[in-house]
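Worksheet for the structure shown next.
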Amino acid sequence: MDSKTNILVTVDVETYHAAGRPLPFETNVLGQVKGKEECGVSQIMKVCEEHGAKATFFVDVYEHHAFGEKPLAELCQRINAGGHSVQLHAHPNWIPGRDRGLMKDYDLEAQRAIISEGRDLLKKWTGKAPVAFRAGAYGANLDTIEALKDNGITKDSSFFSGNANCALCSQLGGKRANVSFKIGDVTEIPVTVYTMFDIPGWNKKSKIDINACSLAELKSAFDKIMVFNRSSVNKLRNVVIFLHSFSFIKWNNSFTRAEVDDKIFKKFVEFIGYIKDRYSAESGFRKMEECPEPGGEADYLPKLGMSELFARFAGRLK
């Protein structure tokens with residue numbers, strides 16, 4: 001097995017409803033803001049390519065029910081042509097007649113049908129069936145895993161330790177955090193988390209999220225993982241970095257005007273550059289489908305101190 005730590009840049013490609021309407025695909029997915037360079041999917045690809053990385057884009061294909069197939073198909077083809085990975089993401093409430101937003105809210109038969117629709121669309125648009133999946137808002141359960149298997153999808157990245165939407169956590173006993181593992185025939189690659197607080201009655205985790213975390217948090221959590229991996233026979237093999245297609249978009253309170261969030265964009269560039277510059281000998285960027293089968297891995301959970309969290313809370317007080 002390759003001894004390097006796998007770094008997976010993962011992007012949930014989607015828009016969402018606000019102020020009583022779906023926010024525009026052009027803004028929240030493509031990142032089109034008047035007078036500015038596109039700062040959505042294409043900009044994420046550009047930054048990754050400049051640092052020798054390929055990203056995994058989990059595309060919510062079900063939004064074609066609102067925007068038509070053409071823009072989504074063209075986007076998936078662009079991602080694929082750039083050598084990045086196009087995989088499946090699902091918020092089922094985009095589908096007419098399905099008003100619940102989490103996969104776990106549907107029975108096995110319905111989940112099979114939802115995943116089948118998405119799989120077939122990606123194969124139609126790109127010529128490739130997806131091999132990986134992430135449930136919208138992490139709302140997966142064991143039926144989701146069964147439905148993935150039945151649709152030939154062998155990897156899932158819905159597991160988010162401590163997240164209330166993720167039924168997999170409770171169904172599997174809540175003992176895992178970051179280690180990749182098998183659920184039957186499906187490999188689970190969790191969203192990487194670290195502990196923010198661990199005091200009696202309150203255990204709070206955060207994922208490695210470009211929007212939610214300060215740059216100091218991102219660097220510190222990653223540093224701790226790499227220090228652990230240097231000193232351990234069994235390592236934390238996969239580190240998942242999370243962002244959205246709209247990570248660099250900032251809306252006003254009434255959702256009538258959007259602008260580019262230059263601070264978040266700069267944070268992403270600096271963090272990807274930090275990994276490449278400091279850890280290129282010990283880690284490598286991989287796409288989700290390139291991750292090897294799990295085995296002999298450690299389940300390491302970094303823990304940050306208050307000094308490392310200060311920047312996050314100071315930013316929210318501004």
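Every chain in the structure tokens takes a letter, A first, then B, and so on in the order presented; its residues are numbered from 1, and the ligands are numbered from 1 following the presented order.
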- Message: Applying 8 Å and only C-alpha atoms, which residues near range 34-50 of chain A remain after dropping the ones on its own chain fewer than 5 positions away? List them as number ranges by chain.
- Response: A: 13, 27-29, 55, 79, 82, 84, 245-249, 260, 269, 272
Excluding same-chain residues fewer than 4 positions from Gly174 in chain A, what lies within 10 Å of it counting only C-alpha atoms, as number ranges by chain? A: 161-162, 167-170
### Message
Considering only strand (DSSP E) as DSSP defines it on the backbone, what residues of range 101-290 of chain A qualify? List them as a PyMOL selection string.
### Response
chain A and resi 132-135+155-156+181-183+186-188+193-199+202-207+238-244+249-251+258-260+283-285
Selection file, C-alpha atoms, as a CSV table (one decimal), in the first residue's frame:
```csv
chain,number,residue,atom,x,y,z
A,132,ALA,CA,-19.0,7.3,-5.4
A,133,PHE,CA,-21.8,9.1,-3.7
A,134,ARG,CA,-22.5,11.6,-0.9
A,135,ALA,CA,-26.0,12.1,0.5
A,155,LYS,CA,-17.8,4.2,-2.5
A,156,ASP,CA,-19.7,6.5,-0.2
A,181,PHE,CA,-14.2,1.1,6.4
A,182,LYS,CA,-16.4,-1.4,4.6
A,183,ILE,CA,-20.1,-1.7,4.9
A,186,VAL,CA,-19.4,-0.4,-0.1
A,187,THR,CA,-16.3,1.4,1.1
A,188,GLU,CA,-17.2,4.3,3.4
A,193,VAL,CA,-13.5,15.8,11.4
A,194,TYR,CA,-11.6,17.1,14.4
A,195,THR,CA,-12.8,17.8,18.0
A,196,MET,CA,-13.4,21.4,18.9
A,197,PHE,CA,-14.8,20.9,22.4
A,198,ASP,CA,-14.8,17.8,24.6
A,199,ILE,CA,-16.2,18.7,28.0
A,202,TRP,CA,-20.7,18.7,25.2
A,203,ASN,CA,-18.7,17.1,22.5
A,204,LYS,CA,-18.5,19.2,19.4
A,205,LYS,CA,-16.8,18.2,16.1
A,206,SER,CA,-16.1,20.2,12.9
A,207,LYS,CA,-15.4,18.9,9.5
A,238,ASN,CA,-7.6,9.5,3.8
A,239,VAL,CA,-8.1,13.2,4.6
A,240,VAL,CA,-11.3,14.7,3.1
A,241,ILE,CA,-11.4,18.5,2.5
A,242,PHE,CA,-14.9,19.9,2.1
A,243,LEU,CA,-16.3,22.8,0.1
A,244,HIS,CA,-19.3,23.8,-2.0
A,249,ILE,CA,-20.2,33.4,-3.1
A,250,LYS,CA,-21.7,35.7,-0.5
A,251,TRP,CA,-25.3,36.8,-0.6
A,258,ALA,CA,-24.4,38.2,-4.6
A,259,GLU,CA,-20.7,39.0,-4.6
A,260,VAL,CA,-17.5,37.1,-4.5
A,283,SER,CA,0.8,13.2,0.9
A,284,GLY,CA,-0.8,13.2,-2.5
A,285,PHE,CA,-4.0,14.6,-3.9
```
note - CA of Cys166 in chain A and CA of Lys104 in chain A are separated by 8.4 Å
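Inside range 32-77 of chain A, the residues DSSP reads as alpha helix (DSSP H) when given the backbone are Val41, Ser42, Gln43, Ile44, Met45, Lys46, Val47, Cys48, Glu49, Glu50, His64, His65, Ala66, Phe67, Glu69, Lys70, Pro71, Leu72, Ala73, Glu74, Leu75, Cys76 and Gln77 of chain A.
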Leaving out range 58-65 of chain A and any residue of its chain fewer than 6 positions from it, which residues lie within 9 Å of it when counting only C-alpha atoms, given as a PyMOL selection string?
chain A and resi 10-15+25+71-73+76+85-96+114+117-118+121-122+132-134+136
Generate a file of the selected residues that holds N, CA and C atoms, formatted as a CSV table (one decimal), in the first residue's frame.
```
chain,number,residue,atom,x,y,z
A,10,THR,N,-13.0,17.6,-2.0
A,10,THR,CA,-14.4,17.2,-2.4
A,10,THR,C,-15.3,18.4,-2.4
A,11,VAL,N,-16.1,18.5,-3.4
A,11,VAL,CA,-17.0,19.7,-3.7
A,11,VAL,C,-18.4,19.2,-3.9
A,12,ASP,N,-19.3,19.7,-3.0
A,12,ASP,CA,-20.7,19.4,-3.2
A,12,ASP,C,-21.3,20.5,-4.2
A,13,VAL,N,-21.7,20.1,-5.4
A,13,VAL,CA,-22.1,21.0,-6.5
A,13,VAL,C,-23.6,21.1,-6.5
A,14,GLU,N,-24.0,22.3,-6.0
A,14,GLU,CA,-25.5,22.4,-5.8
A,14,GLU,C,-25.8,23.9,-5.6
A,15,THR,N,-27.1,24.2,-5.7
A,15,THR,CA,-27.6,25.5,-5.2
A,15,THR,C,-28.7,25.1,-4.1
A,25,PHE,N,-28.7,28.8,-10.6
A,25,PHE,CA,-27.6,27.8,-11.0
A,25,PHE,C,-26.4,28.6,-11.4
A,71,PRO,N,-27.6,22.6,-18.8
A,71,PRO,CA,-26.5,23.2,-18.0
A,71,PRO,C,-25.8,22.3,-17.1
A,72,LEU,N,-26.5,21.3,-16.6
A,72,LEU,CA,-25.9,20.3,-15.7
A,72,LEU,C,-25.0,19.3,-16.5
A,73,ALA,N,-25.5,18.9,-17.7
A,73,ALA,CA,-24.8,18.0,-18.5
A,73,ALA,C,-23.5,18.7,-19.0
A,76,CYS,N,-20.9,18.9,-16.1
A,76,CYS,CA,-20.3,17.6,-15.8
A,76,CYS,C,-19.3,17.2,-16.9
A,85,SER,N,-13.1,14.4,-11.1
A,85,SER,CA,-14.0,13.3,-10.9
A,85,SER,C,-15.4,13.9,-10.8
A,86,VAL,N,-16.3,13.3,-11.5
A,86,VAL,CA,-17.8,13.6,-11.4
A,86,VAL,C,-18.5,12.5,-10.7
A,87,GLN,N,-19.0,12.7,-9.5
A,87,GLN,CA,-19.7,11.7,-8.7
A,87,GLN,C,-21.1,12.2,-8.3
A,88,LEU,N,-21.8,11.4,-7.6
A,88,LEU,CA,-23.2,11.7,-7.4
A,88,LEU,C,-23.5,12.2,-6.0
A,89,HIS,N,-24.4,13.3,-6.0
A,89,HIS,CA,-24.8,13.9,-4.8
A,89,HIS,C,-26.4,13.9,-4.9
A,90,ALA,N,-27.0,13.9,-3.7
A,90,ALA,CA,-28.5,13.8,-3.8
A,90,ALA,C,-29.2,14.5,-2.7
A,91,HIS,N,-29.9,15.6,-3.1
A,91,HIS,CA,-30.9,16.2,-2.2
A,91,HIS,C,-32.3,15.8,-2.9
A,92,PRO,N,-33.0,14.8,-2.4
A,92,PRO,CA,-34.1,14.3,-3.2
A,92,PRO,C,-35.3,15.2,-3.4
A,93,ASN,N,-35.3,16.3,-2.6
A,93,ASN,CA,-36.5,17.2,-2.7
A,93,ASN,C,-36.5,18.0,-3.9
A,94,TRP,N,-35.5,17.9,-4.8
A,94,TRP,CA,-35.6,18.5,-6.1
A,94,TRP,C,-36.5,17.7,-7.1
A,95,ILE,N,-36.7,16.5,-6.7
A,95,ILE,CA,-37.5,15.6,-7.6
A,95,ILE,C,-39.0,15.8,-7.3
A,96,PRO,N,-39.7,16.1,-8.4
A,96,PRO,CA,-41.2,16.3,-8.2
A,96,PRO,C,-41.8,15.1,-7.5
A,114,ILE,N,-34.1,6.7,-6.6
A,114,ILE,CA,-33.4,8.0,-6.6
A,114,ILE,C,-32.0,7.8,-7.1
A,117,GLU,N,-31.8,7.0,-10.9
A,117,GLU,CA,-32.0,8.2,-11.7
A,117,GLU,C,-30.7,8.9,-11.9
A,118,GLY,N,-30.1,9.2,-10.7
A,118,GLY,CA,-28.8,10.0,-10.8
A,118,GLY,C,-27.7,9.2,-11.5
A,121,LEU,N,-28.3,9.4,-15.3
A,121,LEU,CA,-28.1,10.7,-15.8
A,121,LEU,C,-26.6,11.0,-16.0
A,122,LEU,N,-25.8,10.7,-15.0
A,122,LEU,CA,-24.3,10.9,-15.1
A,122,LEU,C,-23.7,10.1,-16.2
A,132,ALA,N,-19.0,6.8,-6.8
A,132,ALA,CA,-19.0,7.3,-5.4
A,132,ALA,C,-20.2,8.2,-5.3
A,133,PHE,N,-20.6,8.4,-4.0
A,133,PHE,CA,-21.8,9.1,-3.7
A,133,PHE,C,-21.6,9.8,-2.4
A,134,ARG,N,-22.4,10.9,-2.2
A,134,ARG,CA,-22.5,11.6,-0.9
A,134,ARG,C,-24.0,12.1,-0.8
A,136,GLY,N,-27.0,14.3,0.4
A,136,GLY,CA,-27.2,15.7,0.8
A,136,GLY,C,-27.4,15.8,2.3
```
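CA of Gly52 in chain A is found 14.5 Å from CA of Glu282 in chain A.
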* Asked: Lys219 in chain A: which residues within 9 Å, counting only C-alpha atoms, same-chain residues fewer than 4 positions away excluded, as a PyMOL selection string?
  -> chain A and resi 214-215+223-224+271+274-275
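Of the listed residues (A:Phe222, A:Phe268, A:Phe228, A:Tyr106), A:Phe228 comes nearest to Tyr300 in chain A; the distances count only C-alpha atoms.
Contact shell of Ala281 in chain A at 10 Å (only C-alpha atoms; same-chain neighbours under 4 positions omitted): Lys4, Thr5, Lys276 and Asp277 of chain A.
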